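Peer 1: Next comes the structure file work.cif, holding mmCIF, N, CA and C atoms.
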```cif
data_my_file
#
loop_
_atom_site.label_atom_id
_atom_site.label_comp_id
_atom_site.auth_asym_id
_atom_site.auth_seq_id
_atom_site.Cartn_x
_atom_site.Cartn_y
_atom_site.Cartn_z
N SER J 1 -2.42 -16.87 -52.20
CA SER J 1 -3.77 -17.06 -52.68
C SER J 1 -4.16 -18.50 -52.42
N GLY J 2 -5.43 -18.73 -52.41
CA GLY J 2 -5.89 -20.08 -52.15
C GLY J 2 -7.39 -20.17 -52.26
N ARG J 3 -7.88 -21.25 -51.79
CA ARG J 3 -9.31 -21.52 -51.90
C ARG J 3 -10.14 -20.62 -50.98
N TYR J 4 -9.61 -20.28 -49.81
CA TYR J 4 -10.38 -19.53 -48.83
C TYR J 4 -9.91 -18.10 -48.64
N ARG J 5 -8.90 -17.69 -49.38
CA ARG J 5 -8.32 -16.36 -49.19
C ARG J 5 -7.94 -15.79 -50.54
N SER J 6 -8.32 -14.55 -50.79
CA SER J 6 -7.89 -13.92 -52.03
C SER J 6 -6.39 -13.63 -51.95
N ALA J 7 -5.77 -13.40 -53.09
CA ALA J 7 -4.33 -13.20 -53.16
C ALA J 7 -3.91 -11.94 -52.40
N LEU J 8 -2.77 -12.02 -51.75
CA LEU J 8 -2.16 -10.88 -51.07
C LEU J 8 -0.96 -10.45 -51.91
N ASN J 9 -1.14 -9.51 -52.80
CA ASN J 9 -0.08 -9.09 -53.69
C ASN J 9 0.39 -7.68 -53.34
N ASP J 10 1.71 -7.50 -53.35
CA ASP J 10 2.32 -6.19 -53.14
C ASP J 10 1.85 -5.50 -51.86
N LEU J 11 1.67 -6.28 -50.81
CA LEU J 11 1.28 -5.71 -49.52
C LEU J 11 2.51 -5.56 -48.65
N GLU J 12 2.46 -4.62 -47.74
CA GLU J 12 3.58 -4.35 -46.85
C GLU J 12 3.30 -4.91 -45.47
N ILE J 13 4.32 -5.48 -44.85
CA ILE J 13 4.22 -5.91 -43.46
C ILE J 13 4.71 -4.74 -42.61
N ALA J 14 3.87 -4.29 -41.70
CA ALA J 14 4.25 -3.17 -40.85
C ALA J 14 3.89 -3.51 -39.41
N PRO J 15 4.78 -3.26 -38.49
CA PRO J 15 6.13 -2.75 -38.71
C PRO J 15 7.02 -3.82 -39.33
N ARG J 16 8.07 -3.39 -39.97
CA ARG J 16 9.00 -4.30 -40.62
C ARG J 16 9.72 -5.14 -39.57
N PRO J 17 9.95 -6.42 -39.85
CA PRO J 17 10.68 -7.24 -38.88
C PRO J 17 12.14 -6.79 -38.77
N LYS J 18 12.68 -6.95 -37.60
CA LYS J 18 14.07 -6.56 -37.35
C LYS J 18 15.04 -7.49 -38.09
N GLN J 19 14.72 -8.79 -38.11
CA GLN J 19 15.60 -9.77 -38.73
C GLN J 19 15.27 -9.90 -40.21
N PRO J 20 16.23 -10.35 -41.03
CA PRO J 20 15.99 -10.46 -42.47
C PRO J 20 14.95 -11.51 -42.84
N GLU J 21 14.82 -12.56 -42.04
CA GLU J 21 13.85 -13.61 -42.34
C GLU J 21 12.78 -13.62 -41.25
N LEU J 22 11.54 -13.51 -41.64
CA LEU J 22 10.42 -13.51 -40.70
C LEU J 22 10.19 -14.93 -40.19
N PRO J 23 10.34 -15.16 -38.88
CA PRO J 23 10.18 -16.52 -38.37
C PRO J 23 8.71 -16.95 -38.37
N ILE J 24 8.50 -18.22 -38.63
CA ILE J 24 7.16 -18.80 -38.59
C ILE J 24 7.13 -19.81 -37.45
N TRP J 25 6.10 -19.70 -36.62
CA TRP J 25 5.94 -20.60 -35.48
C TRP J 25 4.62 -21.35 -35.63
N ILE J 26 4.59 -22.56 -35.11
CA ILE J 26 3.36 -23.35 -35.09
C ILE J 26 2.88 -23.41 -33.65
N GLY J 27 1.62 -23.02 -33.46
CA GLY J 27 1.02 -23.12 -32.14
C GLY J 27 0.62 -24.56 -31.86
N VAL J 28 1.04 -25.06 -30.70
CA VAL J 28 0.77 -26.44 -30.30
C VAL J 28 0.01 -26.40 -28.98
N GLY J 29 -1.16 -27.03 -28.97
CA GLY J 29 -1.98 -27.02 -27.77
C GLY J 29 -1.73 -28.19 -26.84
N GLY J 30 -0.85 -29.10 -27.20
CA GLY J 30 -0.53 -30.18 -26.29
C GLY J 30 -0.61 -31.57 -26.89
N THR J 31 -0.90 -31.69 -28.18
CA THR J 31 -0.97 -33.03 -28.77
C THR J 31 0.40 -33.44 -29.31
N PRO J 32 0.77 -34.69 -29.10
CA PRO J 32 2.05 -35.17 -29.63
C PRO J 32 2.16 -35.01 -31.15
N GLU J 33 1.06 -35.24 -31.86
CA GLU J 33 1.08 -35.13 -33.32
C GLU J 33 1.46 -33.72 -33.77
N SER J 34 0.93 -32.73 -33.08
CA SER J 34 1.24 -31.34 -33.44
C SER J 34 2.69 -31.00 -33.15
N ALA J 35 3.21 -31.50 -32.04
CA ALA J 35 4.61 -31.25 -31.70
C ALA J 35 5.54 -31.90 -32.73
N VAL J 36 5.24 -33.12 -33.11
CA VAL J 36 6.05 -33.84 -34.11
C VAL J 36 5.96 -33.13 -35.46
N ASN J 37 4.80 -32.67 -35.83
CA ASN J 37 4.63 -31.96 -37.11
C ASN J 37 5.48 -30.69 -37.14
N ALA J 38 5.46 -29.92 -36.07
CA ALA J 38 6.27 -28.71 -36.01
C ALA J 38 7.75 -29.05 -36.14
N GLY J 39 8.18 -30.12 -35.50
CA GLY J 39 9.57 -30.54 -35.59
C GLY J 39 9.95 -30.97 -36.99
N ARG J 40 9.11 -31.77 -37.63
CA ARG J 40 9.38 -32.22 -39.00
C ARG J 40 9.55 -31.05 -39.96
N LEU J 41 8.72 -30.02 -39.75
CA LEU J 41 8.78 -28.85 -40.62
C LEU J 41 9.95 -27.93 -40.27
N GLY J 42 10.55 -28.13 -39.10
CA GLY J 42 11.68 -27.30 -38.69
C GLY J 42 11.26 -25.88 -38.30
N LEU J 43 10.01 -25.72 -37.91
CA LEU J 43 9.51 -24.41 -37.51
C LEU J 43 9.48 -24.31 -35.99
N GLY J 44 9.47 -23.08 -35.49
CA GLY J 44 9.38 -22.89 -34.05
C GLY J 44 8.07 -23.45 -33.52
N MET J 45 8.12 -23.95 -32.29
CA MET J 45 6.92 -24.49 -31.64
C MET J 45 6.53 -23.57 -30.49
N ALA J 46 5.33 -22.99 -30.58
CA ALA J 46 4.78 -22.17 -29.51
C ALA J 46 3.79 -23.04 -28.75
N LEU J 47 4.19 -23.47 -27.58
CA LEU J 47 3.44 -24.44 -26.80
C LEU J 47 2.56 -23.72 -25.77
N ALA J 48 1.28 -23.99 -25.80
CA ALA J 48 0.35 -23.38 -24.87
C ALA J 48 0.23 -24.23 -23.61
N LEU J 49 0.64 -23.68 -22.48
CA LEU J 49 0.47 -24.34 -21.18
C LEU J 49 -0.49 -23.49 -20.36
N LEU J 50 -1.76 -23.70 -20.57
CA LEU J 50 -2.75 -22.83 -19.94
C LEU J 50 -3.29 -23.40 -18.64
N GLY J 51 -2.81 -24.50 -18.23
CA GLY J 51 -3.21 -25.10 -16.97
C GLY J 51 -2.41 -26.36 -16.74
N GLY J 52 -2.25 -26.73 -15.52
CA GLY J 52 -1.49 -27.92 -15.20
C GLY J 52 -0.03 -27.62 -15.00
N PRO J 53 0.71 -28.61 -14.56
CA PRO J 53 2.12 -28.41 -14.25
C PRO J 53 2.97 -28.24 -15.51
N PRO J 54 3.98 -27.38 -15.45
CA PRO J 54 4.84 -27.17 -16.63
C PRO J 54 5.63 -28.41 -17.03
N GLU J 55 5.81 -29.35 -16.13
CA GLU J 55 6.58 -30.57 -16.44
C GLU J 55 5.93 -31.36 -17.58
N ARG J 56 4.63 -31.17 -17.79
CA ARG J 56 3.97 -31.93 -18.86
C ARG J 56 4.43 -31.50 -20.24
N ALA J 57 5.14 -30.38 -20.33
CA ALA J 57 5.64 -29.90 -21.62
C ALA J 57 6.87 -30.67 -22.09
N LYS J 58 7.65 -31.21 -21.17
CA LYS J 58 8.92 -31.83 -21.54
C LYS J 58 8.79 -32.95 -22.57
N PRO J 59 7.84 -33.89 -22.41
CA PRO J 59 7.72 -34.94 -23.45
C PRO J 59 7.40 -34.36 -24.82
N LEU J 60 6.59 -33.31 -24.87
CA LEU J 60 6.26 -32.69 -26.15
C LEU J 60 7.48 -32.01 -26.78
N VAL J 61 8.26 -31.35 -25.94
CA VAL J 61 9.48 -30.70 -26.43
C VAL J 61 10.47 -31.75 -26.92
N ASP J 62 10.59 -32.84 -26.18
CA ASP J 62 11.49 -33.92 -26.61
C ASP J 62 11.05 -34.51 -27.95
N MET J 63 9.74 -34.74 -28.12
CA MET J 63 9.23 -35.27 -29.40
C MET J 63 9.48 -34.28 -30.54
N TYR J 64 9.26 -33.01 -30.26
CA TYR J 64 9.48 -31.95 -31.25
C TYR J 64 10.94 -31.95 -31.71
N ARG J 65 11.85 -31.93 -30.75
CA ARG J 65 13.28 -31.88 -31.09
C ARG J 65 13.74 -33.16 -31.83
N GLN J 66 13.27 -34.31 -31.38
CA GLN J 66 13.64 -35.56 -32.04
C GLN J 66 13.13 -35.59 -33.48
N ALA J 67 11.87 -35.20 -33.68
CA ALA J 67 11.31 -35.20 -35.04
C ALA J 67 12.06 -34.21 -35.93
N GLY J 68 12.42 -33.07 -35.38
CA GLY J 68 13.15 -32.07 -36.15
C GLY J 68 14.52 -32.56 -36.57
N GLN J 69 15.23 -33.19 -35.64
CA GLN J 69 16.56 -33.69 -35.97
C GLN J 69 16.49 -34.85 -36.97
N LEU J 70 15.48 -35.73 -36.81
CA LEU J 70 15.32 -36.83 -37.77
C LEU J 70 14.99 -36.32 -39.17
N ALA J 71 14.36 -35.15 -39.23
CA ALA J 71 14.02 -34.55 -40.52
C ALA J 71 15.19 -33.75 -41.09
N GLY J 72 16.31 -33.71 -40.36
CA GLY J 72 17.51 -33.05 -40.88
C GLY J 72 17.68 -31.60 -40.47
N HIS J 73 16.88 -31.12 -39.53
CA HIS J 73 17.00 -29.73 -39.07
C HIS J 73 18.04 -29.64 -37.95
N HIS J 74 18.86 -28.61 -38.01
CA HIS J 74 19.88 -28.41 -37.00
C HIS J 74 19.21 -28.07 -35.67
N PRO J 75 19.69 -28.64 -34.56
CA PRO J 75 19.07 -28.37 -33.26
C PRO J 75 18.96 -26.88 -32.91
N SER J 76 19.89 -26.08 -33.37
CA SER J 76 19.84 -24.65 -33.05
C SER J 76 18.68 -23.94 -33.73
N LYS J 77 18.09 -24.56 -34.74
CA LYS J 77 16.96 -23.97 -35.46
C LYS J 77 15.62 -24.37 -34.85
N LEU J 78 15.64 -25.33 -33.93
CA LEU J 78 14.40 -25.84 -33.33
C LEU J 78 14.10 -25.05 -32.07
N LYS J 79 13.33 -23.99 -32.21
CA LYS J 79 13.04 -23.06 -31.12
C LYS J 79 11.73 -23.42 -30.43
N VAL J 80 11.68 -23.20 -29.12
CA VAL J 80 10.48 -23.48 -28.34
C VAL J 80 10.11 -22.24 -27.53
N ALA J 81 8.84 -21.88 -27.61
CA ALA J 81 8.28 -20.82 -26.77
C ALA J 81 7.13 -21.43 -25.99
N VAL J 82 6.92 -20.93 -24.79
CA VAL J 82 5.84 -21.43 -23.95
C VAL J 82 4.97 -20.25 -23.54
N SER J 83 3.67 -20.41 -23.74
CA SER J 83 2.75 -19.38 -23.28
C SER J 83 1.97 -19.94 -22.10
N SER J 84 1.75 -19.07 -21.14
CA SER J 84 1.05 -19.48 -19.93
C SER J 84 0.35 -18.26 -19.36
N HIS J 85 -0.44 -18.49 -18.35
CA HIS J 85 -1.09 -17.38 -17.68
C HIS J 85 -0.08 -16.59 -16.85
N GLY J 86 -0.33 -15.33 -16.67
CA GLY J 86 0.50 -14.50 -15.81
C GLY J 86 -0.33 -13.35 -15.27
N TYR J 87 0.13 -12.77 -14.20
CA TYR J 87 -0.59 -11.66 -13.59
C TYR J 87 0.43 -10.79 -12.87
N VAL J 88 0.31 -9.48 -13.02
CA VAL J 88 1.24 -8.53 -12.41
C VAL J 88 0.46 -7.59 -11.52
N ALA J 89 0.98 -7.35 -10.33
CA ALA J 89 0.37 -6.40 -9.39
C ALA J 89 1.49 -5.60 -8.73
N GLU J 90 1.13 -4.71 -7.83
CA GLU J 90 2.12 -3.87 -7.14
C GLU J 90 3.15 -4.71 -6.37
N THR J 91 2.71 -5.80 -5.77
CA THR J 91 3.62 -6.70 -5.06
C THR J 91 3.31 -8.14 -5.46
N SER J 92 4.26 -9.03 -5.23
CA SER J 92 4.03 -10.43 -5.56
C SER J 92 2.92 -11.01 -4.69
N GLN J 93 2.85 -10.60 -3.43
CA GLN J 93 1.79 -11.10 -2.55
C GLN J 93 0.42 -10.66 -3.03
N LEU J 94 0.31 -9.39 -3.44
CA LEU J 94 -0.96 -8.89 -3.95
C LEU J 94 -1.36 -9.64 -5.23
N ALA J 95 -0.39 -9.91 -6.08
CA ALA J 95 -0.68 -10.67 -7.30
C ALA J 95 -1.22 -12.05 -6.93
N ARG J 96 -0.58 -12.73 -5.98
CA ARG J 96 -1.07 -14.04 -5.55
C ARG J 96 -2.49 -13.93 -4.98
N ASP J 97 -2.71 -12.95 -4.12
CA ASP J 97 -4.02 -12.80 -3.48
C ASP J 97 -5.13 -12.51 -4.50
N GLU J 98 -4.83 -11.69 -5.49
CA GLU J 98 -5.84 -11.31 -6.47
C GLU J 98 -6.07 -12.39 -7.53
N PHE J 99 -5.00 -13.02 -7.98
CA PHE J 99 -5.12 -13.92 -9.13
C PHE J 99 -5.37 -15.37 -8.76
N PHE J 100 -4.86 -15.82 -7.61
CA PHE J 100 -4.94 -17.24 -7.27
C PHE J 100 -6.36 -17.80 -7.30
N PRO J 101 -7.36 -17.09 -6.78
CA PRO J 101 -8.71 -17.68 -6.84
C PRO J 101 -9.15 -18.02 -8.27
N TYR J 102 -8.79 -17.20 -9.22
CA TYR J 102 -9.14 -17.46 -10.61
C TYR J 102 -8.28 -18.57 -11.20
N TYR J 103 -6.98 -18.50 -10.92
CA TYR J 103 -6.05 -19.48 -11.47
C TYR J 103 -6.35 -20.87 -10.94
N SER J 104 -6.65 -20.96 -9.66
CA SER J 104 -6.92 -22.29 -9.08
C SER J 104 -8.17 -22.92 -9.68
N SER J 105 -9.10 -22.10 -10.14
CA SER J 105 -10.31 -22.66 -10.75
C SER J 105 -10.02 -23.28 -12.12
N TYR J 106 -8.90 -22.91 -12.76
CA TYR J 106 -8.53 -23.51 -14.04
C TYR J 106 -8.22 -25.00 -13.87
N PHE J 107 -7.72 -25.35 -12.70
CA PHE J 107 -7.33 -26.73 -12.45
C PHE J 107 -8.52 -27.56 -12.04
#
```
Output the file's structure as C-alpha coordinates, nothing else.
Peer 2:
Amino acid sequence: SGRYRSALNDLEIAPRPKQPELPIWIGVGGTPESAVNAGRLGLGMALALLGGPPERAKPLVDMYRQAGQLAGHHPSKLKVAVSSHGYVAETSQLARDEFFPYYSSYF
(Lines of atoms letter the chains of each structure in order from A and count residues from 1; the text may use other names and numbers.)
(Lines give C-alpha, C1' and ligand atoms only; values in the text may rest on other atoms or scores of the structure.)
Protein backbone atom coordinates (compact mmCIF):
# COMPACT_ATOMS: atom_id res chain seq x y z
CA SER A 1 0.00 0.00 0.00
CA GLY A 2 1.10 3.53 -0.44
CA ARG A 3 0.23 6.99 -1.49
CA TYR A 4 -0.48 6.16 -5.14
CA ARG A 5 -1.65 2.55 -4.91
CA SER A 6 -4.30 0.87 -2.82
CA ALA A 7 -3.21 -2.13 -0.75
CA LEU A 8 -2.70 -5.48 -2.46
CA ASN A 9 -3.85 -7.96 0.17
CA ASP A 10 -4.24 -11.73 -0.24
CA LEU A 11 -3.65 -11.62 -3.98
CA GLU A 12 -2.14 -14.48 -5.94
CA ILE A 13 0.76 -14.23 -8.37
CA ALA A 14 -0.03 -16.33 -11.42
CA PRO A 15 1.66 -18.20 -12.80
CA ARG A 16 3.60 -19.09 -9.68
CA PRO A 17 7.36 -18.53 -9.91
CA LYS A 18 9.49 -21.62 -10.27
CA GLN A 19 12.03 -20.47 -7.68
CA PRO A 20 11.16 -19.95 -3.99
CA GLU A 21 12.18 -16.27 -4.05
CA LEU A 22 10.81 -13.97 -6.75
CA PRO A 23 13.75 -11.99 -8.17
CA ILE A 24 13.50 -8.22 -8.43
CA TRP A 25 15.36 -6.42 -11.21
CA ILE A 26 15.95 -2.71 -11.75
CA GLY A 27 15.68 -1.42 -15.29
CA VAL A 28 18.62 0.82 -16.18
CA GLY A 29 18.51 2.99 -19.27
CA GLY A 30 22.17 3.90 -19.29
CA THR A 31 22.86 6.36 -16.48
CA PRO A 32 25.74 5.65 -14.10
CA GLU A 33 23.59 6.69 -11.12
CA SER A 34 20.98 4.05 -11.93
CA ALA A 35 23.61 1.34 -12.35
CA VAL A 36 25.23 2.24 -9.01
CA ASN A 37 21.83 2.32 -7.28
CA ALA A 38 20.98 -1.18 -8.53
CA GLY A 39 24.35 -2.42 -7.29
CA ARG A 40 23.97 -0.83 -3.85
CA LEU A 41 20.59 -2.50 -3.47
CA GLY A 42 22.00 -5.85 -4.59
CA LEU A 43 19.23 -6.29 -7.15
CA GLY A 44 19.55 -7.55 -10.71
CA MET A 45 20.26 -4.89 -13.33
CA ALA A 46 18.30 -5.07 -16.59
CA LEU A 47 20.26 -2.82 -18.92
CA ALA A 48 18.54 -1.44 -22.01
CA LEU A 49 20.84 -1.24 -25.05
CA LEU A 50 18.44 0.01 -27.67
CA GLY A 51 21.01 1.59 -29.93
CA GLY A 52 24.72 2.04 -30.21
CA PRO A 53 27.56 -0.39 -29.67
CA PRO A 54 27.26 -2.99 -26.90
CA GLU A 55 30.72 -2.01 -25.59
CA ARG A 56 29.14 1.05 -23.97
CA ALA A 57 27.52 -1.28 -21.42
CA LYS A 58 30.80 -2.41 -19.85
CA PRO A 59 31.47 0.73 -17.76
CA LEU A 60 27.91 0.57 -16.40
CA VAL A 61 28.27 -3.11 -15.54
CA ASP A 62 31.61 -2.42 -13.85
CA MET A 63 30.06 0.41 -11.78
CA TYR A 64 27.11 -1.82 -10.87
CA ARG A 65 29.33 -4.68 -9.71
CA GLN A 66 31.71 -2.40 -7.79
CA ALA A 67 28.84 -0.63 -5.98
CA GLY A 68 27.25 -3.98 -5.15
CA GLN A 69 30.44 -5.42 -3.70
CA LEU A 70 31.14 -2.24 -1.71
CA ALA A 71 27.64 -2.55 -0.26
CA GLY A 72 28.46 -6.08 0.89
CA HIS A 73 26.62 -8.10 -1.77
CA HIS A 74 28.24 -11.31 -2.97
CA PRO A 75 29.32 -11.10 -6.64
CA SER A 76 27.26 -14.18 -7.51
CA LYS A 77 24.10 -12.27 -6.52
CA LEU A 78 24.82 -9.34 -8.85
CA LYS A 79 23.03 -10.41 -12.03
CA VAL A 80 23.02 -8.51 -15.32
CA ALA A 81 20.55 -8.81 -18.18
CA VAL A 82 20.75 -6.88 -21.42
CA SER A 83 17.82 -6.04 -23.63
CA SER A 84 18.31 -5.03 -27.21
CA HIS A 85 16.56 -5.09 -30.53
CA GLY A 86 16.26 -8.36 -32.39
CA TYR A 87 14.60 -9.67 -35.51
CA VAL A 88 13.97 -13.22 -36.73
CA ALA A 89 13.25 -14.30 -40.30
CA GLU A 90 13.46 -17.49 -42.37
CA THR A 91 17.18 -16.90 -43.00
CA SER A 92 19.80 -14.66 -41.44
CA GLN A 93 20.25 -12.84 -44.76
CA LEU A 94 16.52 -12.16 -45.03
CA ALA A 95 16.51 -10.86 -41.46
CA ARG A 96 19.36 -8.48 -42.31
CA ASP A 97 17.67 -7.33 -45.52
CA GLU A 98 14.31 -6.71 -43.84
CA PHE A 99 15.42 -5.24 -40.53
CA PHE A 100 18.63 -3.33 -41.29
CA PRO A 101 16.94 -0.30 -42.88
CA TYR A 102 14.93 0.23 -39.69
CA TYR A 103 17.78 -0.61 -37.32
CA SER A 104 20.24 1.69 -39.06
CA SER A 105 17.82 4.59 -38.64
CA TYR A 106 18.07 4.16 -34.83
CA PHE A 107 21.67 5.28 -35.02
Peer 1: Which residues, written as a PyMOL selection string, have at least one atom at most 8 Å from range 32-46 of chain J, with only N, CA and C atoms counted and residues fewer than 3 positions away on the same chain left out?
Peer 2: chain J and resi 23-29+49+59-74+77-83
Peer 1: Determine the nearest neighbour of Phe99 in chain J from the options J:Ala48, J:Tyr87, J:Pro75, J:Asp10, counting only C-alpha atoms.
Peer 2: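 Of J:Ala48, J:Tyr87, J:Pro75, J:Asp10, the one nearest Phe99 in chain J is J:Tyr87, counting only C-alpha atoms.
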Peer 1: Could you tell me, as a ChimeraX atom specification, which residues of chain J DSSP assigns to strand (DSSP E or B) when given the backbone?
Peer 2: /J:25-28,44-49,80-84
Peer 1: Since we have the selection now, will you write its residues out, keeping N, CA and C atoms, as an mmCIF file, keeping the file's coordinate frame?
Peer 2:
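After the write, out.cif holds the following:
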```
data_model
loop_
_atom_site.group_PDB
_atom_site.id
_atom_site.type_symbol
_atom_site.label_atom_id
_atom_site.label_comp_id
_atom_site.auth_asym_id
_atom_site.auth_seq_id
_atom_site.Cartn_x
_atom_site.Cartn_y
_atom_site.Cartn_z
ATOM 1 N N TRP J 25 6.100 -19.700 -36.620
ATOM 2 C CA TRP J 25 5.940 -20.600 -35.480
ATOM 3 C C TRP J 25 4.620 -21.350 -35.630
ATOM 4 N N ILE J 26 4.590 -22.560 -35.110
ATOM 5 C CA ILE J 26 3.360 -23.350 -35.090
ATOM 6 C C ILE J 26 2.880 -23.410 -33.650
ATOM 7 N N GLY J 27 1.620 -23.020 -33.460
ATOM 8 C CA GLY J 27 1.020 -23.120 -32.140
ATOM 9 C C GLY J 27 0.620 -24.560 -31.860
ATOM 10 N N VAL J 28 1.040 -25.060 -30.700
ATOM 11 C CA VAL J 28 0.770 -26.440 -30.300
ATOM 12 C C VAL J 28 0.010 -26.400 -28.980
ATOM 13 N N GLY J 44 9.470 -23.080 -35.490
ATOM 14 C CA GLY J 44 9.380 -22.890 -34.050
ATOM 15 C C GLY J 44 8.070 -23.450 -33.520
ATOM 16 N N MET J 45 8.120 -23.950 -32.290
ATOM 17 C CA MET J 45 6.920 -24.490 -31.640
ATOM 18 C C MET J 45 6.530 -23.570 -30.490
ATOM 19 N N ALA J 46 5.330 -22.990 -30.580
ATOM 20 C CA ALA J 46 4.780 -22.170 -29.510
ATOM 21 C C ALA J 46 3.790 -23.040 -28.750
ATOM 22 N N LEU J 47 4.190 -23.470 -27.580
ATOM 23 C CA LEU J 47 3.440 -24.440 -26.800
ATOM 24 C C LEU J 47 2.560 -23.720 -25.770
ATOM 25 N N ALA J 48 1.280 -23.990 -25.800
ATOM 26 C CA ALA J 48 0.350 -23.380 -24.870
ATOM 27 C C ALA J 48 0.230 -24.230 -23.610
ATOM 28 N N LEU J 49 0.640 -23.680 -22.480
ATOM 29 C CA LEU J 49 0.470 -24.340 -21.180
ATOM 30 C C LEU J 49 -0.490 -23.490 -20.360
ATOM 31 N N VAL J 80 11.680 -23.200 -29.120
ATOM 32 C CA VAL J 80 10.480 -23.480 -28.340
ATOM 33 C C VAL J 80 10.110 -22.240 -27.530
ATOM 34 N N ALA J 81 8.840 -21.880 -27.610
ATOM 35 C CA ALA J 81 8.280 -20.820 -26.770
ATOM 36 C C ALA J 81 7.130 -21.430 -25.990
ATOM 37 N N VAL J 82 6.920 -20.930 -24.790
ATOM 38 C CA VAL J 82 5.840 -21.430 -23.950
ATOM 39 C C VAL J 82 4.970 -20.250 -23.540
ATOM 40 N N SER J 83 3.670 -20.410 -23.740
ATOM 41 C CA SER J 83 2.750 -19.380 -23.280
ATOM 42 C C SER J 83 1.970 -19.940 -22.100
ATOM 43 N N SER J 84 1.750 -19.070 -21.140
ATOM 44 C CA SER J 84 1.050 -19.480 -19.930
ATOM 45 C C SER J 84 0.350 -18.260 -19.360
#
```
Peer 1: Provide the CA of Ala57 in chain J to CA of Gln93 in chain J distance in Å, to one decimal place.
Peer 2: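 These atoms are spaced 27.1 Å apart.
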Peer 1: So what do you get for CA of Glu98 in chain J versus CA of Gly51 in chain J, distance-wise?
Peer 2: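 These atoms are spaced 17.5 Å apart.
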Peer 1: From a backbone DSSP assignment, name each residue in chain J labelled helix (DSSP H, G or I), as a PyMOL selection string.
Peer 2: chain J and resi 32-41+54-70+75-77+92-106
Peer 1: As JSON, what would the box around range 82-87 of chain J look like: edges along x, y and z, 4 Å added on every side, centre and edge lengths in Å to one decimal?
Peer 2:
```
{"center_x": 2.9, "center_y": -16.1, "center_z": -18.8, "size_x": 16.0, "size_y": 18.6, "size_z": 19.9}
```
Peer 1: Figure out the distance between atom N of Ser84 in chain J and CA of Leu47 in chain J, please, to one decimal in Å.
Peer 2: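 The value is 8.0 Å.
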Peer 1: Can you work out which one of J:Leu50, J:Leu22, J:Leu8, J:Ile13 has the shortest atom-to-atom distance to Tyr106 in chain J, counting only C-alpha atoms?
Peer 2: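 Checking each candidate against Tyr106 in chain J, we get J:Leu50 as the closest.
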Peer 1: Starting from the incomplete input, reconstruct all heavy atoms of range 8-18 of chain J and write that as a CSV table (one decimal), keeping the file's coordinate frame.
Peer 2:
```csv
chain,number,residue,atom,x,y,z
J,8,LEU,N,-2.8,-12.0,-51.8
J,8,LEU,CA,-2.2,-10.9,-51.1
J,8,LEU,C,-1.0,-10.4,-51.9
J,8,LEU,O,0.1,-11.0,-51.7
J,8,LEU,CB,-1.7,-11.2,-49.6
J,8,LEU,CG,-2.8,-11.7,-48.7
J,8,LEU,CD1,-2.3,-12.2,-47.4
J,8,LEU,CD2,-3.8,-10.6,-48.5
J,9,ASN,N,-1.1,-9.5,-52.8
J,9,ASN,CA,-0.1,-9.1,-53.7
J,9,ASN,C,0.4,-7.7,-53.3
J,9,ASN,O,-0.4,-6.8,-53.1
J,9,ASN,CB,-0.6,-9.1,-55.2
J,9,ASN,CG,-0.9,-10.5,-55.6
J,9,ASN,OD1,-0.2,-11.4,-55.4
J,9,ASN,ND2,-2.1,-10.6,-56.2
J,10,ASP,N,1.7,-7.5,-53.4
J,10,ASP,CA,2.3,-6.2,-53.1
J,10,ASP,C,1.8,-5.5,-51.9
J,10,ASP,O,1.6,-4.3,-51.8
J,10,ASP,CB,2.1,-5.3,-54.4
J,10,ASP,CG,2.6,-5.9,-55.6
J,10,ASP,OD1,3.7,-6.4,-55.6
J,10,ASP,OD2,1.9,-5.8,-56.7
J,11,LEU,N,1.7,-6.3,-50.8
J,11,LEU,CA,1.3,-5.7,-49.5
J,11,LEU,C,2.5,-5.6,-48.6
J,11,LEU,O,3.5,-6.3,-48.8
J,11,LEU,CB,0.2,-6.6,-48.8
J,11,LEU,CG,-1.1,-6.7,-49.6
J,11,LEU,CD1,-2.0,-7.7,-48.8
J,11,LEU,CD2,-1.8,-5.3,-49.7
J,12,GLU,N,2.5,-4.6,-47.7
J,12,GLU,CA,3.6,-4.4,-46.8
J,12,GLU,C,3.3,-4.9,-45.5
J,12,GLU,O,2.2,-4.8,-45.0
J,12,GLU,CB,3.8,-2.8,-46.8
J,12,GLU,CG,5.0,-2.4,-45.9
J,12,GLU,CD,5.2,-1.0,-45.9
J,12,GLU,OE1,5.0,-0.3,-46.9
J,12,GLU,OE2,5.5,-0.4,-44.8
J,13,ILE,N,4.3,-5.5,-44.8
J,13,ILE,CA,4.2,-5.9,-43.5
J,13,ILE,C,4.7,-4.7,-42.6
J,13,ILE,O,5.8,-4.2,-42.8
J,13,ILE,CB,5.1,-7.2,-43.2
J,13,ILE,CG1,4.6,-8.3,-44.0
J,13,ILE,CG2,5.1,-7.5,-41.7
J,13,ILE,CD1,5.5,-9.6,-43.9
J,14,ALA,N,3.9,-4.3,-41.7
J,14,ALA,CA,4.2,-3.2,-40.8
J,14,ALA,C,3.9,-3.5,-39.4
J,14,ALA,O,2.8,-4.0,-39.2
J,14,ALA,CB,3.5,-1.9,-41.3
J,15,PRO,N,4.8,-3.3,-38.5
J,15,PRO,CA,6.1,-2.8,-38.7
J,15,PRO,C,7.0,-3.8,-39.3
J,15,PRO,O,6.7,-5.0,-39.2
J,15,PRO,CB,6.6,-2.4,-37.3
J,15,PRO,CG,5.8,-3.3,-36.4
J,15,PRO,CD,4.5,-3.5,-37.1
J,16,ARG,N,8.1,-3.4,-40.0
J,16,ARG,CA,9.0,-4.3,-40.6
J,16,ARG,C,9.7,-5.1,-39.6
J,16,ARG,O,10.1,-4.6,-38.5
J,16,ARG,CB,10.0,-3.5,-41.4
J,16,ARG,CG,9.5,-2.7,-42.6
J,16,ARG,CD,8.8,-3.5,-43.6
J,16,ARG,NE,9.6,-4.5,-44.2
J,16,ARG,CZ,9.1,-5.6,-44.8
J,16,ARG,NH1,7.8,-5.8,-44.9
J,16,ARG,NH2,9.9,-6.5,-45.3
J,17,PRO,N,10.0,-6.4,-39.8
J,17,PRO,CA,10.7,-7.2,-38.9
J,17,PRO,C,12.1,-6.8,-38.8
J,17,PRO,O,12.7,-6.3,-39.7
J,17,PRO,CB,10.6,-8.6,-39.5
J,17,PRO,CG,10.3,-8.5,-40.9
J,17,PRO,CD,9.5,-7.2,-41.0
J,18,LYS,N,12.7,-7.0,-37.6
J,18,LYS,CA,14.1,-6.6,-37.4
J,18,LYS,C,15.0,-7.5,-38.1
J,18,LYS,O,16.0,-7.1,-38.6
J,18,LYS,CB,14.3,-6.6,-35.8
J,18,LYS,CG,15.7,-6.2,-35.5
J,18,LYS,CD,15.9,-6.3,-34.0
J,18,LYS,CE,17.4,-6.0,-33.6
J,18,LYS,NZ,17.6,-6.0,-32.2
```
